[in-house]
$ cat final04.pdb   # PDB, C-alpha atoms
ATOM      1  CA  MET A  23       0.000   0.000   0.000
ATOM      2  CA  ILE A  24       1.421   3.373  -1.029
ATOM      3  CA  ARG A  25       0.558   6.347   1.187
ATOM      4  CA  PHE A  26       0.633  10.073   0.560
ATOM      5  CA  GLY A  27      -0.054  13.256   2.507
ATOM      6  CA  PRO A  28      -0.531  14.365   6.111
ATOM      7  CA  ALA A  29      -1.008  12.145   9.182
ATOM      8  CA  THR A  30      -4.250  13.841  10.211
ATOM      9  CA  GLY A  31      -7.588  14.624   8.590
ATOM     10  CA  PRO A  32      -9.629  12.497   6.214
ATOM     11  CA  VAL A  33      -7.992   9.724   4.177
ATOM     12  CA  VAL A  34      -8.741   9.197   0.504
ATOM     13  CA  VAL A  35      -8.556   5.498  -0.370
ATOM     14  CA  ALA A  36      -8.005   5.102  -4.104
ATOM     15  CA  VAL A  37      -9.241   2.036  -5.976
ATOM     16  CA  LEU A  38      -7.645   1.423  -9.366
ATOM     17  CA  PRO A  39      -9.562  -0.066 -12.298
ATOM     18  CA  LEU A  40      -9.455  -3.849 -12.656
ATOM     19  CA  LEU A  41      -6.781  -6.007 -14.284
ATOM     20  CA  GLU A  42      -4.974  -4.551 -17.313
ATOM     21  CA  GLU A  43      -6.694  -1.178 -16.874
ATOM     22  CA  ALA A  44      -4.972  -0.824 -13.492
ATOM     23  CA  ASN A  45      -1.545  -0.927 -15.159
ATOM     24  CA  ARG A  46      -2.608   1.718 -17.636
ATOM     25  CA  THR A  47      -3.818   4.159 -14.978
ATOM     26  CA  ARG A  48      -1.472   3.623 -12.003
ATOM     27  CA  THR A  49       0.815   6.539 -12.959
ATOM     28  CA  PHE A  50      -2.144   8.859 -13.497
ATOM     29  CA  VAL A  51      -3.832   7.912 -10.207
ATOM     30  CA  SER A  52      -0.572   8.179  -8.204
ATOM     31  CA  GLY A  53      -0.128  11.648  -9.729
ATOM     32  CA  MET A  54      -3.620  12.633  -8.591
ATOM     33  CA  LEU A  55      -2.875  11.442  -5.053
ATOM     34  CA  ARG A  56       0.362  13.497  -5.006
ATOM     35  CA  ARG A  57      -1.673  16.522  -6.047
ATOM     36  CA  LEU A  58      -4.140  15.838  -3.214
ATOM     37  CA  ALA A  59      -1.187  15.660  -0.781
ATOM     38  CA  ALA A  60      -0.118  19.094  -2.059
ATOM     39  CA  ARG A  61      -3.639  20.228  -1.091
ATOM     40  CA  ASP A  62      -3.088  18.736   2.392
ATOM     41  CA  ILE A  63      -5.278  15.666   1.837
ATOM     42  CA  ALA A  64      -3.951  12.250   2.861
ATOM     43  CA  SER A  65      -4.451   9.165   0.702
ATOM     44  CA  ALA A  66      -3.629   5.486   0.306
ATOM     45  CA  LEU A  67      -3.400   3.277  -2.766
ATOM     46  CA  PRO A  68      -3.822  -0.385  -1.733
ATOM     47  CA  ASP A  69      -2.868  -3.395  -3.857
ATOM     48  CA  LEU A  70      -5.699  -5.926  -3.969
ATOM     49  CA  PRO A  71      -5.186  -9.723  -4.064
ATOM     50  CA  GLY A  72      -3.929 -10.756  -7.509
ATOM     51  CA  GLN A  73      -3.280  -7.124  -8.522
ATOM     52  CA  GLY A  74      -0.190  -4.914  -8.513
ATOM     53  CA  GLU A  75       2.451  -6.065  -6.002
ATOM     54  CA  SER A  76       0.207  -8.781  -4.519
ATOM     55  CA  LEU A  77       1.688 -12.277  -4.493
ATOM     56  CA  VAL A  78      -1.702 -13.978  -4.870
ATOM     57  CA  PRO A  79      -2.046 -15.616  -8.330
ATOM     58  CA  THR A  80      -4.672 -13.801 -10.422
ATOM     59  CA  GLU A  81      -6.684 -17.001 -10.868
ATOM     60  CA  ASN A  82      -7.369 -16.991  -7.097
ATOM     61  CA  ALA A  83      -8.829 -13.482  -7.190
ATOM     62  CA  MET A  84     -12.530 -13.305  -6.279
ATOM     63  CA  LEU A  85     -14.903 -10.351  -6.145
ATOM     64  CA  ALA A  86     -15.829 -10.958  -2.483
ATOM     65  CA  GLY A  87     -12.128 -11.272  -1.617
ATOM     66  CA  TRP A  88     -11.360  -7.955  -3.323
ATOM     67  CA  ARG A  89     -14.171  -6.251  -1.400
ATOM     68  CA  THR A  90     -13.024  -7.636   1.942
ATOM     69  CA  ALA A  91      -9.379  -6.795   1.226
ATOM     70  CA  LEU A  92     -10.304  -3.233   0.265
ATOM     71  CA  ALA A  93     -12.385  -2.776   3.429
ATOM     72  CA  SER A  94      -9.522  -3.940   5.639
ATOM     73  CA  ALA A  95      -6.974  -1.839   3.703
ATOM     74  CA  ALA A  96      -9.204   1.202   4.238
ATOM     75  CA  MET A  97      -9.401   0.461   7.996
ATOM     76  CA  GLU A  98      -5.643   0.023   8.163
ATOM     77  CA  ALA A  99      -5.016   3.251   6.259
ATOM     78  CA  ALA A 100      -7.527   5.423   8.095
ATOM     79  CA  GLY A 101      -8.019   4.059  11.622
ATOM     80  CA  GLU A 102     -10.496   6.490  13.208
ATOM     81  CA  ARG A 103     -10.142   9.092  10.429
ATOM     82  CA  PRO A 104     -12.966   9.531   7.889
ATOM     83  CA  VAL A 105     -12.528   7.573   4.634
ATOM     84  CA  HIS A 106     -13.391   8.981   1.216
ATOM     85  CA  ILE A 107     -13.324   6.452  -1.602
ATOM     86  CA  LEU A 108     -11.830   7.505  -4.915
ATOM     87  CA  SER A 109     -12.557   4.829  -7.494
ATOM     88  CA  PHE A 110     -11.864   4.474 -11.179
ATOM     89  CA  ARG A 111     -13.822   2.383 -13.709
ATOM     90  CA  GLY A 112     -14.266  -1.168 -12.330
ATOM     91  CA  GLY A 113     -12.722  -0.081  -9.027
ATOM     92  CA  ALA A 114     -16.181   1.302  -8.247
ATOM     93  CA  LEU A 115     -17.441  -2.312  -8.044
ATOM     94  CA  LEU A 116     -15.248  -3.066  -5.031
ATOM     95  CA  ASP A 117     -16.019  -0.592  -2.229
ATOM     96  CA  HIS A 118     -19.308  -2.069  -0.963
ATOM     97  CA  ASP A 119     -17.815  -3.184   2.373
ATOM     98  CA  VAL A 120     -15.987   0.078   3.128
ATOM     99  CA  LYS A 121     -17.493   2.422   5.720
ATOM    100  CA  ALA A 122     -16.992   5.559   3.652
ATOM    101  CA  ALA A 123     -18.001   9.164   4.316
ATOM    102  CA  SER A 124     -18.295   9.640   0.559
ATOM    103  CA  ARG A 125     -17.555   8.067  -2.795
ATOM    104  CA  TRP A 126     -16.060   9.868  -5.792
ATOM    105  CA  GLN A 127     -16.057   7.831  -9.013
ATOM    106  CA  LEU A 128     -14.313   8.478 -12.325
ATOM    107  CA  ALA A 129     -15.997   6.788 -15.291
ATOM    108  CA  PRO A 130     -17.535   4.027 -13.135
ATOM    109  CA  ALA A 131     -18.183   0.915 -15.219
ATOM    110  CA  LYS A 132     -20.786  -1.802 -14.816
ATOM    111  CA  GLY A 133     -19.346  -5.253 -14.349
ATOM    112  CA  GLU A 134     -21.300  -6.509 -17.350
ATOM    113  CA  ALA A 135     -19.549  -4.028 -19.665
ATOM    114  CA  LEU A 136     -16.118  -4.907 -18.288
ATOM    115  CA  VAL A 137     -16.664  -8.635 -18.729
ATOM    116  CA  ARG A 138     -17.924  -8.122 -22.267
ATOM    117  CA  GLU A 139     -14.771  -6.153 -23.076
ATOM    118  CA  LEU A 140     -12.567  -8.843 -21.507
ATOM    119  CA  LEU A 141     -14.220 -11.584 -23.567
ATOM    120  CA  ARG A 142     -13.935  -9.415 -26.672
ATOM    121  CA  THR A 143     -10.223  -8.857 -26.037
ATOM    122  CA  SER A 144      -9.771 -12.581 -26.026
ATOM    123  CA  ALA A 145     -11.924 -13.095 -29.123
ATOM    124  CA  ALA A 146      -9.997 -10.396 -31.020
ATOM    125  CA  ALA A 147      -6.778 -12.269 -30.195
ATOM    126  CA  GLY A 148      -8.294 -15.389 -31.777
ATOM    127  CA  ALA A 149      -9.046 -17.208 -28.490
ATOM    128  CA  ARG A 150     -12.804 -17.086 -28.068
ATOM    129  CA  ILE A 151     -13.787 -18.076 -24.516
ATOM    130  CA  ASP A 152     -16.683 -20.431 -24.020
ATOM    131  CA  ILE A 153     -18.444 -19.406 -20.807
ATOM    132  CA  ASP A 154     -22.058 -19.293 -19.669
ATOM    133  CA  LEU A 155     -22.080 -16.245 -17.396
ATOM    134  CA  GLY A 156     -25.375 -17.251 -15.796
ATOM    135  CA  ASN A 157     -24.367 -20.813 -14.905
ATOM    136  CA  TYR A 158     -22.829 -21.051 -11.436
ATOM    137  CA  ASN A 159     -22.589 -24.838 -11.665
ATOM    138  CA  ASP A 160     -19.956 -24.637 -14.385
ATOM    139  CA  GLU A 161     -16.807 -25.809 -12.645
ATOM    140  CA  GLY A 162     -14.450 -25.349 -15.586
ATOM    141  CA  GLY A 163     -10.886 -24.195 -15.026
ATOM    142  CA  PRO A 164      -9.603 -20.631 -15.165
ATOM    143  CA  VAL A 165      -9.568 -18.788 -18.481
ATOM    144  CA  THR A 166      -6.624 -16.749 -19.717
ATOM    145  CA  ILE A 167      -7.366 -13.259 -21.011
ATOM    146  CA  ALA A 168      -4.529 -11.019 -22.173
ATOM    147  CA  GLY A 169      -2.044 -12.970 -20.075
ATOM    148  CA  ASN A 170      -4.150 -13.005 -16.875
ATOM    149  CA  ALA A 171      -5.571 -16.324 -15.641
ATOM    150  CA  LEU A 172      -9.030 -15.563 -14.242
ATOM    151  CA  SER A 173     -11.480 -17.884 -12.516
ATOM    152  CA  ARG A 174     -14.893 -18.403 -14.085
ATOM    153  CA  THR A 175     -16.474 -17.461 -10.765
ATOM    154  CA  LEU A 176     -14.756 -14.066 -10.863
ATOM    155  CA  LEU A 177     -16.084 -13.376 -14.375
ATOM    156  CA  ARG A 178     -19.620 -14.392 -13.325
ATOM    157  CA  ASP A 179     -19.565 -12.314 -10.132
ATOM    158  CA  LEU A 180     -18.156  -9.311 -11.991
ATOM    159  CA  ASN A 181     -20.786  -9.682 -14.701
ATOM    160  CA  ALA A 182     -23.507  -9.237 -12.071
ATOM    161  CA  ALA A 183     -21.729  -6.470 -10.108
ATOM    162  CA  ASP A 184     -22.695  -2.806  -9.974
ATOM    163  CA  CYS A 185     -21.468   0.320  -8.183
ATOM    164  CA  VAL A 186     -22.636   1.669  -4.831
ATOM    165  CA  ARG A 187     -25.159   4.422  -5.497
ATOM    166  CA  GLU A 188     -26.413   5.226  -1.975
ATOM    167  CA  GLY A 189     -25.008   7.912   0.285
ATOM    168  CA  ALA A 190     -22.741  10.733  -0.819
ATOM    169  CA  VAL A 191     -21.665   9.758  -4.354
ATOM    170  CA  ARG A 192     -20.173  12.016  -7.023
ATOM    171  CA  VAL A 193     -19.747  10.667 -10.557
ATOM    172  CA  VAL A 194     -17.328  12.321 -12.986
ATOM    173  CA  ARG A 195     -17.020  11.170 -16.595
ATOM    174  CA  LEU A 196     -15.161  12.191 -19.724
ATOM    175  CA  ASP A 197     -17.149  14.500 -21.985
ATOM    176  CA  THR A 198     -17.067  11.822 -24.715
ATOM    177  CA  ASP A 199     -19.021   9.429 -22.463
ATOM    178  CA  PRO A 200     -22.797   9.884 -22.938
ATOM    179  CA  ALA A 201     -23.673   8.240 -19.589
ATOM    180  CA  VAL A 202     -25.089  10.351 -16.747
ATOM    181  CA  ALA A 203     -22.617  12.184 -14.502
ATOM    182  CA  ASP A 204     -22.428  15.020 -11.981
ATOM    183  CA  ARG A 205     -19.644  16.556 -14.056
ATOM    184  CA  LYS A 206     -18.100  15.949 -17.501
ATOM    185  CA  VAL A 207     -14.436  16.735 -18.121
ATOM    186  CA  ALA A 208     -12.315  16.811 -21.282
ATOM    187  CA  GLY A 209      -9.712  14.070 -21.646
ATOM    188  CA  ALA A 210      -8.797  10.761 -23.287
ATOM    189  CA  PRO A 211      -9.690   7.377 -21.720
ATOM    190  CA  LEU A 212      -6.235   6.458 -20.383
ATOM    191  CA  TRP A 213      -7.589   3.071 -19.232
ATOM    192  CA  ARG A 214      -8.095   2.011 -22.855
ATOM    193  CA  GLN A 215      -4.639   2.980 -24.105
ATOM    194  CA  SER A 216      -2.200   0.106 -24.498
ATOM    195  CA  GLU A 217       0.750   2.314 -23.475
ATOM    196  CA  PRO A 218       0.386   3.667 -19.919
ATOM    197  CA  GLY A 219      -0.135   7.404 -20.357
ATOM    198  CA  ASP A 220      -0.602  10.440 -18.178
ATOM    199  CA  ASP A 221      -2.576  13.676 -18.418
ATOM    200  CA  SER A 222      -1.354  16.305 -15.978
ATOM    201  CA  ALA A 223      -4.004  18.887 -16.934
ATOM    202  CA  LEU A 224      -6.761  16.350 -16.200
ATOM    203  CA  ALA A 225      -5.055  15.250 -12.949
ATOM    204  CA  ASP A 226      -4.911  18.903 -11.776
ATOM    205  CA  LEU A 227      -8.548  19.505 -12.601
ATOM    206  CA  LEU A 228      -9.729  16.291 -10.924
ATOM    207  CA  ALA A 229      -7.609  16.893  -7.805
ATOM    208  CA  ASP A 230      -9.366  20.273  -7.442
ATOM    209  CA  ASP A 231     -12.738  18.622  -7.933
ATOM    210  CA  ILE A 232     -11.972  15.983  -5.263
ATOM    211  CA  ALA A 233     -10.653  18.564  -2.778
ATOM    212  CA  ASP A 234     -13.858  20.610  -3.224
ATOM    213  CA  TRP A 235     -16.005  17.506  -2.878
ATOM    214  CA  ILE A 236     -14.321  16.374   0.350
ATOM    215  CA  ALA A 237     -14.598  19.885   1.825
ATOM    216  CA  ARG A 238     -18.316  19.927   0.986
ATOM    217  CA  CYS A 239     -18.838  16.454   2.477
ATOM    218  CA  ALA A 240     -17.217  17.573   5.735
ATOM    219  CA  ASN A 241     -19.873  20.273   6.212
TER     220      ASN A 241
ATOM    221  CA  MET B   5      -8.253  12.322 -56.499
ATOM    222  CA  THR B   6      -9.438  11.014 -53.169
ATOM    223  CA  THR B   7     -13.047  11.503 -52.231
ATOM    224  CA  HIS B   8     -13.934  13.613 -49.240
ATOM    225  CA  PRO B   9     -17.174  12.396 -47.672
ATOM    226  CA  ALA B  10     -19.205  14.982 -45.834
ATOM    227  CA  PRO B  11     -18.054  14.967 -42.221
ATOM    228  CA  SER B  12     -20.599  13.247 -39.998
ATOM    229  CA  THR B  13     -20.691  12.944 -36.260
ATOM    230  CA  VAL B  14     -20.065   9.214 -36.676
ATOM    231  CA  ASP B  15     -16.986  10.001 -38.777
ATOM    232  CA  GLN B  16     -15.739  12.394 -36.111
ATOM    233  CA  THR B  17     -16.473   9.956 -33.312
ATOM    234  CA  VAL B  18     -14.607   7.097 -34.990
ATOM    235  CA  ARG B  19     -11.606   9.377 -35.616
ATOM    236  CA  ALA B  20     -11.662  10.632 -32.022
ATOM    237  CA  VAL B  21     -11.789   7.065 -30.688
ATOM    238  CA  LEU B  22      -8.797   6.006 -32.813
ATOM    239  CA  LYS B  23      -6.885   9.084 -31.632
ATOM    240  CA  ASP B  24      -7.788   8.624 -27.947
ATOM    241  CA  VAL B  25      -7.484   4.857 -27.607
ATOM    242  CA  LEU B  26      -4.409   4.362 -29.799
ATOM    243  CA  ALA B  27      -2.804   7.617 -28.579
ATOM    244  CA  LEU B  28      -2.290   8.768 -32.173
ATOM    245  CA  ASP B  29      -1.345  12.258 -33.254
ATOM    246  CA  ALA B  30      -4.441  14.407 -33.991
ATOM    247  CA  ASP B  31      -3.059  15.605 -37.363
ATOM    248  CA  ARG B  32      -2.367  12.053 -38.425
ATOM    249  CA  VAL B  33      -5.911  10.926 -37.619
ATOM    250  CA  ALA B  34      -7.416  13.998 -39.298
ATOM    251  CA  ALA B  35      -5.624  12.951 -42.499
ATOM    252  CA  PHE B  36      -7.156   9.436 -42.522
ATOM    253  CA  ASP B  37      -9.296   8.808 -45.600
ATOM    254  CA  ASP B  38     -11.526   5.872 -46.504
ATOM    255  CA  ASP B  39      -8.574   3.941 -47.917
ATOM    256  CA  THR B  40      -6.301   4.369 -44.898
ATOM    257  CA  ALA B  41      -5.463   0.828 -43.800
ATOM    258  CA  LEU B  42      -5.998   0.060 -40.102
ATOM    259  CA  PHE B  43      -5.700  -3.491 -38.735
ATOM    260  CA  GLY B  44      -2.402  -5.011 -39.820
ATOM    261  CA  ALA B  45      -1.115  -1.622 -40.999
ATOM    262  CA  LEU B  46      -1.258   0.466 -37.822
ATOM    263  CA  PRO B  47       1.168  -1.057 -35.292
ATOM    264  CA  GLU B  48      -0.808   0.645 -32.489
ATOM    265  CA  LEU B  49      -3.935  -1.345 -33.413
ATOM    266  CA  ASP B  50      -3.083  -4.804 -32.077
ATOM    267  CA  SER B  51      -5.691  -7.347 -31.044
ATOM    268  CA  MET B  52      -5.873  -5.961 -27.502
ATOM    269  CA  ALA B  53      -6.412  -2.458 -28.794
ATOM    270  CA  VAL B  54      -9.187  -3.687 -31.111
ATOM    271  CA  ALA B  55     -11.376  -4.509 -28.100
ATOM    272  CA  GLY B  56     -10.756  -1.068 -26.615
ATOM    273  CA  VAL B  57     -11.522   0.719 -29.893
ATOM    274  CA  LEU B  58     -14.772  -1.188 -30.458
ATOM    275  CA  THR B  59     -15.986  -0.811 -26.882
ATOM    276  CA  GLU B  60     -15.208   2.906 -26.899
ATOM    277  CA  ILE B  61     -17.115   3.304 -30.194
ATOM    278  CA  GLU B  62     -20.059   1.418 -28.638
ATOM    279  CA  ASP B  63     -20.074   3.658 -25.566
ATOM    280  CA  ARG B  64     -19.808   6.922 -27.474
ATOM    281  CA  LEU B  65     -22.375   6.061 -30.166
ATOM    282  CA  HIS B  66     -24.728   4.095 -27.887
ATOM    283  CA  ILE B  67     -24.616   1.042 -30.130
ATOM    284  CA  LEU B  68     -24.011  -2.641 -29.445
ATOM    285  CA  ILE B  69     -21.527  -4.562 -31.583
ATOM    286  CA  GLU B  70     -21.991  -8.348 -31.515
ATOM    287  CA  ASP B  71     -18.795 -10.364 -31.360
ATOM    288  CA  ASP B  72     -19.690 -12.296 -34.518
ATOM    289  CA  GLU B  73     -19.812  -8.997 -36.410
ATOM    290  CA  VAL B  74     -16.171  -8.337 -35.593
ATOM    291  CA  ASP B  75     -14.032  -9.503 -38.483
ATOM    292  CA  GLY B  76     -10.960  -8.453 -40.387
ATOM    293  CA  GLU B  77     -13.032  -6.715 -43.037
ATOM    294  CA  MET B  78     -14.619  -4.076 -40.784
ATOM    295  CA  LEU B  79     -11.198  -3.178 -39.404
ATOM    296  CA  GLU B  80      -9.402  -3.253 -42.723
ATOM    297  CA  SER B  81      -9.630   0.460 -43.444
ATOM    298  CA  PHE B  82     -10.896   3.653 -41.888
ATOM    299  CA  GLY B  83     -13.713   3.742 -44.447
ATOM    300  CA  ALA B  84     -14.834   0.202 -43.569
ATOM    301  CA  LEU B  85     -14.892   0.954 -39.850
ATOM    302  CA  ARG B  86     -16.754   4.240 -40.377
ATOM    303  CA  ARG B  87     -19.335   2.580 -42.658
ATOM    304  CA  PHE B  88     -19.845  -0.217 -40.125
ATOM    305  CA  ALA B  89     -20.443   2.307 -37.332
ATOM    306  CA  GLU B  90     -22.761   4.411 -39.530
ATOM    307  CA  ALA B  91     -24.816   1.330 -40.413
ATOM    308  CA  LYS B  92     -25.122   0.461 -36.724
ATOM    309  CA  VAL B  93     -26.250   3.970 -35.814
ATOM    310  CA  GLY B  94     -28.704   3.963 -38.747
ATOM    311  CA  ALA B  95     -30.139   0.593 -37.683
ATOM    312  CA  LYS B  96     -30.643   1.921 -34.159
ATOM    313  CA  LYS B  97     -32.567   4.951 -35.480
ATOM    314  CA  GLY B  98     -34.695   2.688 -37.684
ATOM    315  CA  THR B  99     -36.006   0.649 -34.748
TER     316      THR B  99
END
$ encode --input "final04.pdb" --output "structure tokens"
Amino acid sequence: MIRFGPATGPVVVAVLPLLEEANRTRTFVSGMLRRLAARDIASALPDLPGQGESLVPTENAMLAGWRTALASAAMEAAGERPVHILSFRGGALLDHDVKAASRWQLAPAKGEALVRELLRTSAAAGARIDIDLGNYNDEGGPVTIAGNALSRTLLRDLNAADCVREGAVRVVRLDTDPAVADRKVAGAPLWRQSEPGDDSALADLLADDIADWIARCAN
Amino acid sequence: MTTHPAPSTVDQTVRAVLKDVLALDADRVAAFDDDTALFGALPELDSMAVAGVLTEIEDRLHILIEDDEVDGEMLESFGALRRFAEAKVGAKKGT
């Protein structure tokens, strides 16, 4: 877990997108957290089981395990301090078990859309995956998508997963995304680019938006 | 002489997606014409990027592309991809 910022006040717990998208956005998200630290806001970026620096094989990753791991990482990072979740894309599917004062989501994605894109990635590479996403009795082995071995259970659970919408939630999307949002911002979808990129103008703008949001939530 | 089709929002959306997802130079994408070869010719458009390009086009145009519609032909050239997307948008309006 990487930590930024002061030892007092609220703690922003950042949740990266899932799988390959996490690698594409890690630099961008770390940059945002550094900008929040410059605005005197503390943050933490945990690694979930099977992701980042975790030693758990990806095929053992499960949705429930990710949610539990995130909740305990948030407790560890914040202690008694208020937690504000900052999630990106499929990361917004993981914070259900966190006791959060607020949730700020960038381009939150439904699990169904993410799974469809994963299966399409595999199909485009010439390895079509045969899976019935509604059949929980299918005990077939893990499937490999873009180099990651993933369990069938994970794909099924993700396919049915959605974001938390209750409580204090702010949704920000790119202006090219027609879905509903509290704010639209200009920028390219870094999570879809095969080369990890960065966008410092967007990171500045979003850090301001998050700082404002957290200040408003505190009142 | 190359033909210059009237710019449509679908045309602009497909160009913007290629620029954003493949991180291509804006001038280069603006110069794409119907004959510009894509899959197999653009090193940035590998099989992983194909999924990102198609999903981004779906999201921005509010269309659904079935996996069995995805073939080498629709990705062969900029014109083929644009025509595919235009047909999808047209079919949506027709229903």
$ resolve_selection --input "final04.pdb" --expression "the ChimeraX specification (/B :<10) & /A" --output "MDAnalysis selection string"
chainID A and resid 135:136 138:148 150 167:168 197:201 209:217 219
$ atom_distance --input "final04.pdb" --atom1 "CA of Asp15 in chain B" --atom2 "CA of Ala34 in chain B"
10.4 Å
$ atom_distance --input "final04.pdb" --atom1 "CA of Val33 in chain B" --atom2 "CA of Ala89 in chain B"
16.9 Å
$ residues_around --input "final04.pdb" --residues "Leu42 in chain B" --least-positions-apart "6" --cutoff "9 Å" --atoms "only C-alpha atoms" --output "list of chain:residue names"
B:Leu49, B:Leu79, B:Glu80, B:Ser81, B:Phe82, B:Leu85
$ resolve_selection --input "final04.pdb" --expression "the PyMOL selection byres ((chain A and resi 172) around 10)" --output "CSV table (one decimal) with C-alpha atoms, in the frame of the given file"
chain,number,residue,atom,x,y,z
A,41,LEU,CA,-6.8,-6.0,-14.3
A,72,GLY,CA,-3.9,-10.8,-7.5
A,79,PRO,CA,-2.0,-15.6,-8.3
A,80,THR,CA,-4.7,-13.8,-10.4
A,81,GLU,CA,-6.7,-17.0,-10.9
A,82,ASN,CA,-7.4,-17.0,-7.1
A,83,ALA,CA,-8.8,-13.5,-7.2
A,84,MET,CA,-12.5,-13.3,-6.3
A,163,GLY,CA,-10.9,-24.2,-15.0
A,164,PRO,CA,-9.6,-20.6,-15.2
A,165,VAL,CA,-9.6,-18.8,-18.5
A,166,THR,CA,-6.6,-16.7,-19.7
A,167,ILE,CA,-7.4,-13.3,-21.0
A,169,GLY,CA,-2.0,-13.0,-20.1
A,170,ASN,CA,-4.2,-13.0,-16.9
A,171,ALA,CA,-5.6,-16.3,-15.6
A,173,SER,CA,-11.5,-17.9,-12.5
A,174,ARG,CA,-14.9,-18.4,-14.1
A,175,THR,CA,-16.5,-17.5,-10.8
A,176,LEU,CA,-14.8,-14.1,-10.9
A,177,LEU,CA,-16.1,-13.4,-14.4
$ residues_around --input "final04.pdb" --residues "Arg86 in chain B" --least-positions-apart "4" --cutoff "9 Å" --atoms "only C-alpha atoms" --output "ChimeraX atom specification"
/B:14-15,18-19,38,78,81-82,90-91
$ atom_distance --input "final04.pdb" --atom1 "CA of Asp231 in chain A" --atom2 "CA of Ala29 in chain A"
21.7 Å
$ residues_around --input "final04.pdb" --residues "Asn159 in chain A" --least-positions-apart "3" --cutoff "12 Å" --atoms "all atoms listed in the file" --output "ChimeraX atom specification"
/A:153-156,162,174-175,178
$ resolve_selection --input "final04.pdb" --expression "the PyMOL selection byres ((chain A and resi 39) around 8)" --output "list of chain:residue names"
A:Val37, A:Leu38, A:Leu40, A:Leu41, A:Glu43, A:Ala44, A:Thr47, A:Ser109, A:Phe110, A:Arg111, A:Gly112, A:Gly113, A:Ala114, A:Trp213
$ write_last_selection --input "final04.pdb" --atoms "C-alpha atoms" --output "short mmCIF file (atom, residue, chain, number, x, y, z; two decimals), keeping the file's coordinate frame"
data_model
loop_
_atom_site.label_atom_id
_atom_site.label_comp_id
_atom_site.auth_asym_id
_atom_site.auth_seq_id
_atom_site.Cartn_x
_atom_site.Cartn_y
_atom_site.Cartn_z
CA VAL A 37 -9.24 2.04 -5.98
CA LEU A 38 -7.64 1.42 -9.37
CA LEU A 40 -9.46 -3.85 -12.66
CA LEU A 41 -6.78 -6.01 -14.28
CA GLU A 43 -6.69 -1.18 -16.87
CA ALA A 44 -4.97 -0.82 -13.49
CA THR A 47 -3.82 4.16 -14.98
CA SER A 109 -12.56 4.83 -7.49
CA PHE A 110 -11.86 4.47 -11.18
CA ARG A 111 -13.82 2.38 -13.71
CA GLY A 112 -14.27 -1.17 -12.33
CA GLY A 113 -12.72 -0.08 -9.03
CA ALA A 114 -16.18 1.30 -8.25
CA TRP A 213 -7.59 3.07 -19.23
#
$ residues_near_point --input "final04.pdb" --point "(0.4, 6.4, -14.9)" --cutoff "6 Å" --atoms "all atoms listed in the file" --output "ChimeraX atom specification"
/A:47-50,218-220
$ axis_aligned_box --input "final04.pdb" --around "range 90-98 of chain B" --padding-each-side "6 Å" --output "JSON"
{"center_x": -28.7, "center_y": 2.7, "center_z": -37.3, "size_x": 23.9, "size_y": 16.5, "size_z": 18.3}
$ residues_near_point --input "final04.pdb" --point "(-25.3, -5.0, -10.6)" --cutoff "12 Å" --atoms "only C-alpha atoms" --output "JSON, numbers by chain"
{"A": [112, 114, 115, 116, 118, 131, 132, 133, 134, 135, 136, 178, 179, 180, 181, 182, 183, 184, 185, 186, 187]}
$ residues_around --input "final04.pdb" --residues "Ile107 in chain A" --least-positions-apart "4" --cutoff "9 Å" --atoms "all atoms listed in the file" --output "ChimeraX atom specification"
/A:33-37,96,114,117,120,122-127
$ residues_around --input "final04.pdb" --residues "Leu55 in chain A" --least-positions-apart "2" --cutoff "12 Å" --atoms "all atoms listed in the file" --output "MDAnalysis selection string"
chainID A and resid 24:28 33:38 48:53 57:67 108:109 225:226 228:230 232:233
$ closest_residue --input "final04.pdb" --among "A:Val194, A:Val78, A:Ala237, A:Leu70" --to "Ala93 in chain A" --atoms "all atoms listed in the file"
A:Leu70
